[in-house]
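S.K.: Below is the file work27.pdb, which contains PDB, C-alpha atoms, pLDDT in the B column.
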```pdb
MODEL        1
ATOM      1  CA  MET Y  28       8.940  44.832   5.241  1.00 60.00           C
ATOM      2  CA  LYS Y  29       5.868  43.775   7.271  1.00 61.00           C
ATOM      3  CA  VAL Y  30       4.044  42.961   4.039  1.00 50.00           C
ATOM      4  CA  MET Y  31       6.888  40.673   2.927  1.00 52.00           C
ATOM      5  CA  VAL Y  32       6.920  38.869   6.282  1.00 46.00           C
ATOM      6  CA  LEU Y  33       3.144  38.493   6.126  1.00 44.00           C
ATOM      7  CA  LEU Y  34       3.354  37.119   2.580  1.00 43.00           C
ATOM      8  CA  ALA Y  35       6.063  34.670   3.641  1.00 44.00           C
ATOM      9  CA  VAL Y  36       3.925  33.443   6.541  1.00 40.00           C
ATOM     10  CA  ILE Y  37       0.915  33.058   4.244  1.00 45.00           C
ATOM     11  CA  LEU Y  38       2.998  31.068   1.744  1.00 41.00           C
ATOM     12  CA  VAL Y  39       4.365  28.760   4.443  1.00 40.00           C
ATOM     13  CA  VAL Y  40       0.934  28.172   5.986  1.00 37.00           C
ATOM     14  CA  GLY Y  41      -0.548  27.604   2.537  1.00 41.00           C
ATOM     15  CA  ALA Y  42       2.171  25.099   1.645  1.00 38.00           C
ATOM     16  CA  ILE Y  43       1.631  23.216   4.900  1.00 36.00           C
ATOM     17  CA  ALA Y  44      -2.131  23.136   4.312  1.00 37.00           C
ATOM     18  CA  LEU Y  45      -1.628  21.982   0.721  1.00 35.00           C
ATOM     19  CA  PHE Y  46       0.504  19.001   1.703  1.00 36.00           C
ATOM     20  CA  ALA Y  47      -1.137  18.153   5.014  1.00 36.00           C
ATOM     21  CA  VAL Y  48      -2.419  14.614   5.253  1.00 37.00           C
ATOM     22  CA  SER Y  49      -5.095  13.690   7.757  1.00 37.00           C
ATOM     23  CA  ARG Y  50      -5.402  10.397   9.624  1.00 36.00           C
ATOM     24  CA  PRO Y  51      -6.780   7.453   7.675  1.00 43.00           C
ATOM     25  CA  SER Y  52     -10.525   6.904   7.854  1.00 45.00           C
ATOM     26  CA  GLY Y  53     -12.190   3.624   8.721  1.00 65.00           C
ATOM     27  CA  THR Y  54     -11.072   0.839  10.972  1.00 84.00           C
ATOM     28  CA  ALA Y  55      -8.323  -1.517   9.881  1.00 86.00           C
ATOM     29  CA  PRO Y  56      -8.794  -5.252  10.448  1.00 90.00           C
ATOM     30  CA  GLN Y  57      -6.652  -6.494  13.322  1.00 93.00           C
ATOM     31  CA  PRO Y  58      -4.461  -9.577  13.784  1.00 94.00           C
ATOM     32  CA  GLY Y  59      -6.552 -12.700  14.275  1.00 93.00           C
ATOM     33  CA  GLU Y  60      -9.485 -11.352  12.237  1.00 94.00           C
ATOM     34  CA  MET Y  61     -10.383 -12.683   8.820  1.00 95.00           C
ATOM     35  CA  ALA Y  62      -9.043 -10.394   6.119  1.00 95.00           C
ATOM     36  CA  PRO Y  63     -11.770  -8.670   4.104  1.00 95.00           C
ATOM     37  CA  ASP Y  64     -12.086 -10.314   0.695  1.00 94.00           C
ATOM     38  CA  PHE Y  65     -12.005  -8.233  -2.464  1.00 95.00           C
ATOM     39  CA  ARG Y  66     -12.267  -8.402  -6.239  1.00 96.00           C
ATOM     40  CA  VAL Y  67     -10.291  -5.589  -7.846  1.00 96.00           C
ATOM     41  CA  PRO Y  68      -8.604  -5.259 -11.254  1.00 96.00           C
ATOM     42  CA  SER Y  69      -4.829  -5.579 -11.450  1.00 95.00           C
ATOM     43  CA  GLN Y  70      -2.576  -3.624 -13.780  1.00 95.00           C
ATOM     44  CA  ASP Y  71      -3.496  -5.914 -16.693  1.00 94.00           C
ATOM     45  CA  GLY Y  72      -7.224  -5.416 -16.064  1.00 94.00           C
ATOM     46  CA  SER Y  73      -7.849  -8.962 -14.805  1.00 95.00           C
ATOM     47  CA  PRO Y  74      -9.805  -9.243 -11.548  1.00 96.00           C
ATOM     48  CA  VAL Y  75      -7.884 -10.334  -8.460  1.00 96.00           C
ATOM     49  CA  SER Y  76      -9.469 -11.728  -5.305  1.00 96.00           C
ATOM     50  CA  LEU Y  77      -7.918 -12.510  -1.944  1.00 96.00           C
ATOM     51  CA  LYS Y  78      -9.260 -16.045  -2.403  1.00 95.00           C
ATOM     52  CA  ASP Y  79      -6.883 -16.423  -5.382  1.00 96.00           C
ATOM     53  CA  PHE Y  80      -4.005 -16.578  -2.886  1.00 96.00           C
ATOM     54  CA  ARG Y  81      -5.362 -19.105  -0.346  1.00 94.00           C
ATOM     55  CA  GLY Y  82      -2.563 -21.325   0.860  1.00 96.00           C
ATOM     56  CA  LYS Y  83      -0.020 -18.505   0.532  1.00 97.00           C
ATOM     57  CA  TRP Y  84       1.014 -15.625   2.728  1.00 97.00           C
ATOM     58  CA  VAL Y  85      -0.148 -12.320   1.255  1.00 98.00           C
ATOM     59  CA  VAL Y  86       1.646  -9.026   1.750  1.00 98.00           C
ATOM     60  CA  LEU Y  87      -1.157  -6.577   0.952  1.00 97.00           C
ATOM     61  CA  TYR Y  88       0.418  -3.139   0.914  1.00 96.00           C
ATOM     62  CA  PHE Y  89      -1.354   0.143   0.336  1.00 95.00           C
ATOM     63  CA  TYR Y  90       0.533   3.101  -1.098  1.00 94.00           C
ATOM     64  CA  PRO Y  91      -0.447   6.660  -2.071  1.00 93.00           C
ATOM     65  CA  LYS Y  92       0.541   7.164  -5.721  1.00 93.00           C
ATOM     66  CA  ASP Y  93       2.325   5.478  -8.617  1.00 91.00           C
ATOM     67  CA  GLY Y  94       5.635   7.046  -9.535  1.00 90.00           C
ATOM     68  CA  THR Y  95       6.158   9.131  -6.410  1.00 88.00           C
ATOM     69  CA  HIS Y  96       9.455   8.933  -4.549  1.00 90.00           C
ATOM     70  CA  GLY Y  97       8.432   6.896  -1.490  1.00 87.00           C
ATOM     71  CA  CYS Y  98       6.124   4.611  -3.456  1.00 91.00           C
ATOM     72  CA  THR Y  99       8.856   3.880  -5.997  1.00 90.00           C
ATOM     73  CA  ILE Y 100      11.364   3.054  -3.246  1.00 94.00           C
ATOM     74  CA  GLU Y 101       8.886   0.742  -1.512  1.00 93.00           C
ATOM     75  CA  ALA Y 102       7.985  -1.035  -4.778  1.00 94.00           C
ATOM     76  CA  HIS Y 103      11.665  -1.435  -5.741  1.00 94.00           C
ATOM     77  CA  ASN Y 104      12.452  -2.991  -2.373  1.00 96.00           C
ATOM     78  CA  PHE Y 105       9.586  -5.466  -2.632  1.00 96.00           C
ATOM     79  CA  GLN Y 106      10.705  -6.316  -6.181  1.00 96.00           C
ATOM     80  CA  ARG Y 107      14.344  -6.670  -5.058  1.00 96.00           C
ATOM     81  CA  ASP Y 108      13.249  -9.164  -2.382  1.00 97.00           C
ATOM     82  CA  ILE Y 109      10.653 -11.055  -4.427  1.00 97.00           C
ATOM     83  CA  ALA Y 110      12.670 -14.320  -4.495  1.00 97.00           C
ATOM     84  CA  LYS Y 111      12.868 -14.215  -0.682  1.00 97.00           C
ATOM     85  CA  TYR Y 112       9.086 -13.803  -0.483  1.00 97.00           C
ATOM     86  CA  GLU Y 113       8.534 -16.678  -2.900  1.00 96.00           C
ATOM     87  CA  ALA Y 114      10.839 -18.875  -0.781  1.00 95.00           C
ATOM     88  CA  LEU Y 115       8.594 -18.088   2.207  1.00 96.00           C
ATOM     89  CA  ASN Y 116       5.413 -18.964   0.219  1.00 96.00           C
ATOM     90  CA  ALA Y 117       4.386 -15.301   0.061  1.00 97.00           C
ATOM     91  CA  VAL Y 118       3.075 -12.998  -2.650  1.00 97.00           C
ATOM     92  CA  ILE Y 119       3.269  -9.220  -2.849  1.00 98.00           C
ATOM     93  CA  VAL Y 120       0.118  -7.293  -3.791  1.00 97.00           C
ATOM     94  CA  GLY Y 121       0.174  -3.500  -3.962  1.00 96.00           C
ATOM     95  CA  VAL Y 122      -2.931  -1.302  -3.802  1.00 97.00           C
ATOM     96  CA  SER Y 123      -3.501   2.341  -4.652  1.00 95.00           C
ATOM     97  CA  VAL Y 124      -6.419   4.347  -5.985  1.00 94.00           C
ATOM     98  CA  ASP Y 125      -4.611   4.858  -9.313  1.00 93.00           C
ATOM     99  CA  SER Y 126      -6.034   3.398 -12.544  1.00 93.00           C
ATOM    100  CA  THR Y 127      -4.996   0.181 -14.259  1.00 93.00           C
ATOM    101  CA  GLY Y 128      -3.296   2.303 -16.928  1.00 94.00           C
ATOM    102  CA  SER Y 129      -1.268   4.151 -14.312  1.00 92.00           C
ATOM    103  CA  HIS Y 130      -0.292   0.813 -12.755  1.00 91.00           C
ATOM    104  CA  GLN Y 131       0.711  -0.601 -16.169  1.00 94.00           C
ATOM    105  CA  GLU Y 132       2.970   2.372 -16.785  1.00 94.00           C
ATOM    106  CA  PHE Y 133       4.457   2.232 -13.263  1.00 93.00           C
ATOM    107  CA  CYS Y 134       5.195  -1.507 -13.586  1.00 92.00           C
ATOM    108  CA  ALA Y 135       6.767  -1.048 -17.041  1.00 94.00           C
ATOM    109  CA  GLN Y 136       8.913   1.900 -15.946  1.00 94.00           C
ATOM    110  CA  GLN Y 137      10.072   0.256 -12.712  1.00 94.00           C
ATOM    111  CA  GLY Y 138      10.309  -3.398 -13.791  1.00 94.00           C
ATOM    112  CA  LEU Y 139       7.687  -4.583 -11.302  1.00 94.00           C
ATOM    113  CA  THR Y 140       6.444  -8.155 -11.693  1.00 95.00           C
ATOM    114  CA  PHE Y 141       3.958  -8.392  -8.822  1.00 96.00           C
ATOM    115  CA  LYS Y 142       0.279  -7.424  -8.858  1.00 97.00           C
ATOM    116  CA  LEU Y 143      -0.811  -3.814  -8.375  1.00 96.00           C
ATOM    117  CA  LEU Y 144      -4.534  -3.406  -7.759  1.00 95.00           C
ATOM    118  CA  ALA Y 145      -6.474  -0.424  -9.082  1.00 96.00           C
ATOM    119  CA  ASP Y 146      -8.825   0.523  -6.237  1.00 95.00           C
ATOM    120  CA  THR Y 147     -10.301   3.495  -8.098  1.00 95.00           C
ATOM    121  CA  ASP Y 148     -13.549   3.478  -6.115  1.00 94.00           C
ATOM    122  CA  LYS Y 149     -11.600   3.145  -2.828  1.00 93.00           C
ATOM    123  CA  THR Y 150     -13.723   0.195  -1.649  1.00 93.00           C
ATOM    124  CA  LEU Y 151     -10.728  -2.018  -0.874  1.00 95.00           C
ATOM    125  CA  SER Y 152      -8.797   0.793   0.809  1.00 94.00           C
ATOM    126  CA  LYS Y 153     -11.840   1.593   2.976  1.00 93.00           C
ATOM    127  CA  ALA Y 154     -12.302  -2.090   3.921  1.00 94.00           C
ATOM    128  CA  TYR Y 155      -8.739  -2.067   5.250  1.00 95.00           C
ATOM    129  CA  GLY Y 156      -8.997   1.325   6.985  1.00 93.00           C
ATOM    130  CA  SER Y 157      -6.448   2.675   4.544  1.00 92.00           C
ATOM    131  CA  VAL Y 158      -8.011   5.775   3.014  1.00 89.00           C
ATOM    132  CA  THR Y 159      -6.561   9.140   3.866  1.00 86.00           C
ATOM    133  CA  ASN Y 160      -7.216  12.697   2.732  1.00 78.00           C
ATOM    134  CA  LEU Y 161      -4.648  14.679   0.793  1.00 77.00           C
ATOM    135  CA  VAL Y 162      -6.098  18.182   0.727  1.00 79.00           C
ATOM    136  CA  VAL Y 163      -9.247  17.679  -1.391  1.00 80.00           C
ATOM    137  CA  THR Y 164      -8.631  14.160  -2.695  1.00 84.00           C
ATOM    138  CA  LYS Y 165      -8.586  10.719  -1.108  1.00 88.00           C
ATOM    139  CA  ILE Y 166      -5.590   8.426  -1.510  1.00 89.00           C
ATOM    140  CA  ALA Y 167      -4.463   5.147  -0.007  1.00 89.00           C
ATOM    141  CA  ALA Y 168      -2.558   5.426   3.274  1.00 89.00           C
ATOM    142  CA  ARG Y 169       0.836   3.697   3.502  1.00 92.00           C
ATOM    143  CA  ASN Y 170      -0.294   0.608   5.456  1.00 95.00           C
ATOM    144  CA  THR Y 171       0.531  -3.083   5.072  1.00 97.00           C
ATOM    145  CA  PHE Y 172      -1.381  -6.200   6.084  1.00 97.00           C
ATOM    146  CA  LEU Y 173       0.268  -9.589   6.355  1.00 97.00           C
ATOM    147  CA  ILE Y 174      -2.392 -12.206   5.693  1.00 97.00           C
ATOM    148  CA  ASP Y 175      -1.746 -15.831   6.588  1.00 97.00           C
ATOM    149  CA  PRO Y 176      -2.449 -18.791   4.250  1.00 96.00           C
ATOM    150  CA  ALA Y 177      -5.892 -19.304   5.852  1.00 95.00           C
ATOM    151  CA  GLY Y 178      -6.935 -15.685   5.154  1.00 96.00           C
ATOM    152  CA  LYS Y 179      -6.450 -14.207   8.641  1.00 96.00           C
ATOM    153  CA  ILE Y 180      -4.607 -10.992   9.428  1.00 97.00           C
ATOM    154  CA  ALA Y 181      -1.258 -11.922  10.994  1.00 96.00           C
ATOM    155  CA  LYS Y 182       0.313  -8.457  11.305  1.00 96.00           C
ATOM    156  CA  VAL Y 183      -0.565  -4.826  10.565  1.00 96.00           C
ATOM    157  CA  TRP Y 184       1.854  -1.977   9.891  1.00 95.00           C
ATOM    158  CA  THR Y 185       0.584   1.596   9.614  1.00 92.00           C
ATOM    159  CA  GLY Y 186       2.435   4.638   8.341  1.00 88.00           C
ATOM    160  CA  VAL Y 187       5.388   2.527   7.200  1.00 89.00           C
ATOM    161  CA  ASP Y 188       8.856   3.725   6.238  1.00 92.00           C
ATOM    162  CA  PRO Y 189       9.122   2.717   2.570  1.00 92.00           C
ATOM    163  CA  GLY Y 190      12.917   2.426   2.694  1.00 92.00           C
ATOM    164  CA  LYS Y 191      13.056  -0.369   5.260  1.00 94.00           C
ATOM    165  CA  HIS Y 192       9.589  -1.881   5.098  1.00 94.00           C
ATOM    166  CA  SER Y 193      10.339  -4.911   2.925  1.00 96.00           C
ATOM    167  CA  SER Y 194      13.004  -6.013   5.411  1.00 96.00           C
ATOM    168  CA  GLU Y 195      10.500  -5.632   8.282  1.00 96.00           C
ATOM    169  CA  VAL Y 196       7.929  -7.755   6.467  1.00 97.00           C
ATOM    170  CA  LEU Y 197      10.487 -10.446   5.616  1.00 96.00           C
ATOM    171  CA  ALA Y 198      11.602 -10.610   9.262  1.00 96.00           C
ATOM    172  CA  GLU Y 199       7.973 -11.031  10.371  1.00 96.00           C
ATOM    173  CA  LEU Y 200       7.334 -13.735   7.777  1.00 95.00           C
ATOM    174  CA  ALA Y 201      10.464 -15.614   8.832  1.00 93.00           C
ATOM    175  CA  SER Y 202       9.226 -15.632  12.445  1.00 93.00           C
ATOM    176  CA  HIS Y 203       6.131 -17.694  11.511  1.00 89.00           C
ATOM    177  CA  PRO Y 204       6.362 -21.479  11.391  1.00 79.00           C
ATOM    178  CA  ARG Y 205       6.223 -23.005   7.913  1.00 71.00           C
ATOM    179  CA  SER Y 206       3.469 -25.464   7.188  1.00 55.00           C
TER     180      SER Y 206
ENDMDL
END
```
For the file at hand, write its structure as structure tokens.
M.R.:
Amino acid sequence: MKVMVLLAVILVVGAIALFAVSRPSGTAPQPGEMAPDFRVPSQDGSPVSLKDFRGKWVVLYFYPKDGTHGCTIEAHNFQRDIAKYEALNAVIVGVSVDSTGSHQEFCAQQGLTFKLLADTDKTLSKAYGSVTNLVVTKIAARNTFLIDPAGKIAKVWTGVDPGKHSSEVLAELASHPRS
């Protein structure tokens, strides 16, 4: 009986250790600071730079992994609300450390029409303080940066709830005066 209890404890501790996520590394840019520029391939392989979106609001959201439950919910909600973002002069740009091929498949399976950036070397995620450890691998932390049309950080969300996040971002965007 003691052996079974010990094995159960070991299994529980092992499971917790396996799925434990540490705090993100690096320092995230803060509101009022210029957003770090980047040049990263999107799902179609074409390079995307923050400068490509000057004059628009940019919702730069980092997410852990294509096809996972929370990431799919978050992407669906952004896609569902895309017309509202366009009406507010905003674009959605997702970032994970997955490959362009993974992003292509995710977009095709989920009907996503916005850009997903393949940050395979984690440079962009690090620049935005959005790298986290998942056991022995590094993934993007679930953070979002609202970047104004001039390229400055307007708002930062960390550890977001994927189910309600799009609504939070839309409410923040609506609170800013239109130019």
S.K.: Applied to the shown file, which residues does the PyMOL selection byres ((chain Y and resi 83-89) around 6) return, written as a list in words?
M.R.: Phe80, Arg81, Gly82, Tyr90, Asn116, Ala117, Val118, Ile119, Val120, Gly121, Val122, Ser123, Ala167, Arg169, Asn170, Thr171, Phe172, Leu173, Ile174, Asp175 and Pro176 of chain Y
S.K.: Which residue, Y:Gly190, Y:Ile166, Y:Leu143, Y:Leu197, has the smallest gap to Y:Gln131 when you use all atoms listed in the file?
M.R.: Y:Leu143
S.K.: For the structure provided, state which residues fall under the PyMOL selection byres ((chain Y and resi 130) around 8), and present them as a list in words.
M.R.: Ser69, Gln70, Asp93, Asp125, Ser126, Thr127, Gly128, Ser129, Gln131, Glu132, Phe133, Cys134, Leu143, Leu144 and Ala145 of chain Y
S.K.: Could you give me, as an NGL selection string, the residues within 9 Å of Y:Asp188, counting all atoms listed in the file and dropping anything in the same chain fewer than 3 positions from it?
M.R.: :Y and (97 or 101 or 169 or 191-192)
S.K.: Have a look at atom CA of Y:Leu200 and atom CA of Y:Ala110 and let me know their distance in Å, one decimal.
M.R.: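 Answer for the atom CA of Y:Leu200 to atom CA of Y:Ala110 separation: 13.4 Å.
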S.K.: Can you list what the PyMOL selection byres ((chain Y and resi 205) around 9) grabs from this structure, as a list in words?
M.R.: Leu115, Asn116, Ala201, His203, Pro204 and Ser206 of chain Y
S.K.: Taking (-9.9, 0.2, 10.7) in the file's own coordinates, collect the residues within 7 Å, counting only C-alpha atoms, and hand them back as a list in words.
M.R.: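 Output: Gly53, Thr54, Ala55, Pro56, Tyr155 and Gly156 of chain Y.
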S.K.: Could you check the closest approach to Y:Val187 for each of Y:Ser76, Y:Tyr112, Y:Asn160, Y:Pro91 and tell me which residue wins, using only C-alpha atoms?
M.R.: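 That would be Y:Pro91, the residue with the smallest distance to Y:Val187.
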S.K.: Just how far from atom CA of Y:Ala154 is atom CA of Y:Met61, in Å to one decimal?
M.R.: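 Atom-to-atom, atom CA of Y:Met61 and atom CA of Y:Ala154 are spaced 11.8 Å apart.
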S.K.: At most 10 Å from (8.3, -9.2, -11.4), file frame, only C-alpha atoms: which residues, as a PDB file with C-alpha atoms, in the frame of the given file?
M.R.:
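The resulting file, out.pdb, is reproduced below:
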```pdb
ATOM      1  CA  PHE Y 105       9.586  -5.466  -2.632  1.00 96.00           C
ATOM      2  CA  GLN Y 106      10.705  -6.316  -6.181  1.00 96.00           C
ATOM      3  CA  ARG Y 107      14.344  -6.670  -5.058  1.00 96.00           C
ATOM      4  CA  ILE Y 109      10.653 -11.055  -4.427  1.00 97.00           C
ATOM      5  CA  ALA Y 110      12.670 -14.320  -4.495  1.00 97.00           C
ATOM      6  CA  ILE Y 119       3.269  -9.220  -2.849  1.00 98.00           C
ATOM      7  CA  CYS Y 134       5.195  -1.507 -13.586  1.00 92.00           C
ATOM      8  CA  GLN Y 137      10.072   0.256 -12.712  1.00 94.00           C
ATOM      9  CA  GLY Y 138      10.309  -3.398 -13.791  1.00 94.00           C
ATOM     10  CA  LEU Y 139       7.687  -4.583 -11.302  1.00 94.00           C
ATOM     11  CA  THR Y 140       6.444  -8.155 -11.693  1.00 95.00           C
ATOM     12  CA  PHE Y 141       3.958  -8.392  -8.822  1.00 96.00           C
ATOM     13  CA  LYS Y 142       0.279  -7.424  -8.858  1.00 97.00           C
TER      14      LYS Y 142
END
```
S.K.: Mind giving me the straight-line distance from atom CA of Y:Thr185 to atom CA of Y:Asn104 in Å, one decimal?
M.R.: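 Rounded to one decimal, the two atoms are 17.5 Å apart.
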S.K.: Which residue is closest to Y:Leu77? Choose from Y:Val158, Y:Val196, Y:Ala62, Y:Ala135 and count only C-alpha atoms.
M.R.: Y:Ala62
S.K.: Counting only C-alpha atoms, figure out which residue out of Y:Lys111, Y:Lys78, Y:Lys165, Y:Lys179 gets nearest to Y:Asp146.
M.R.: Y:Lys165
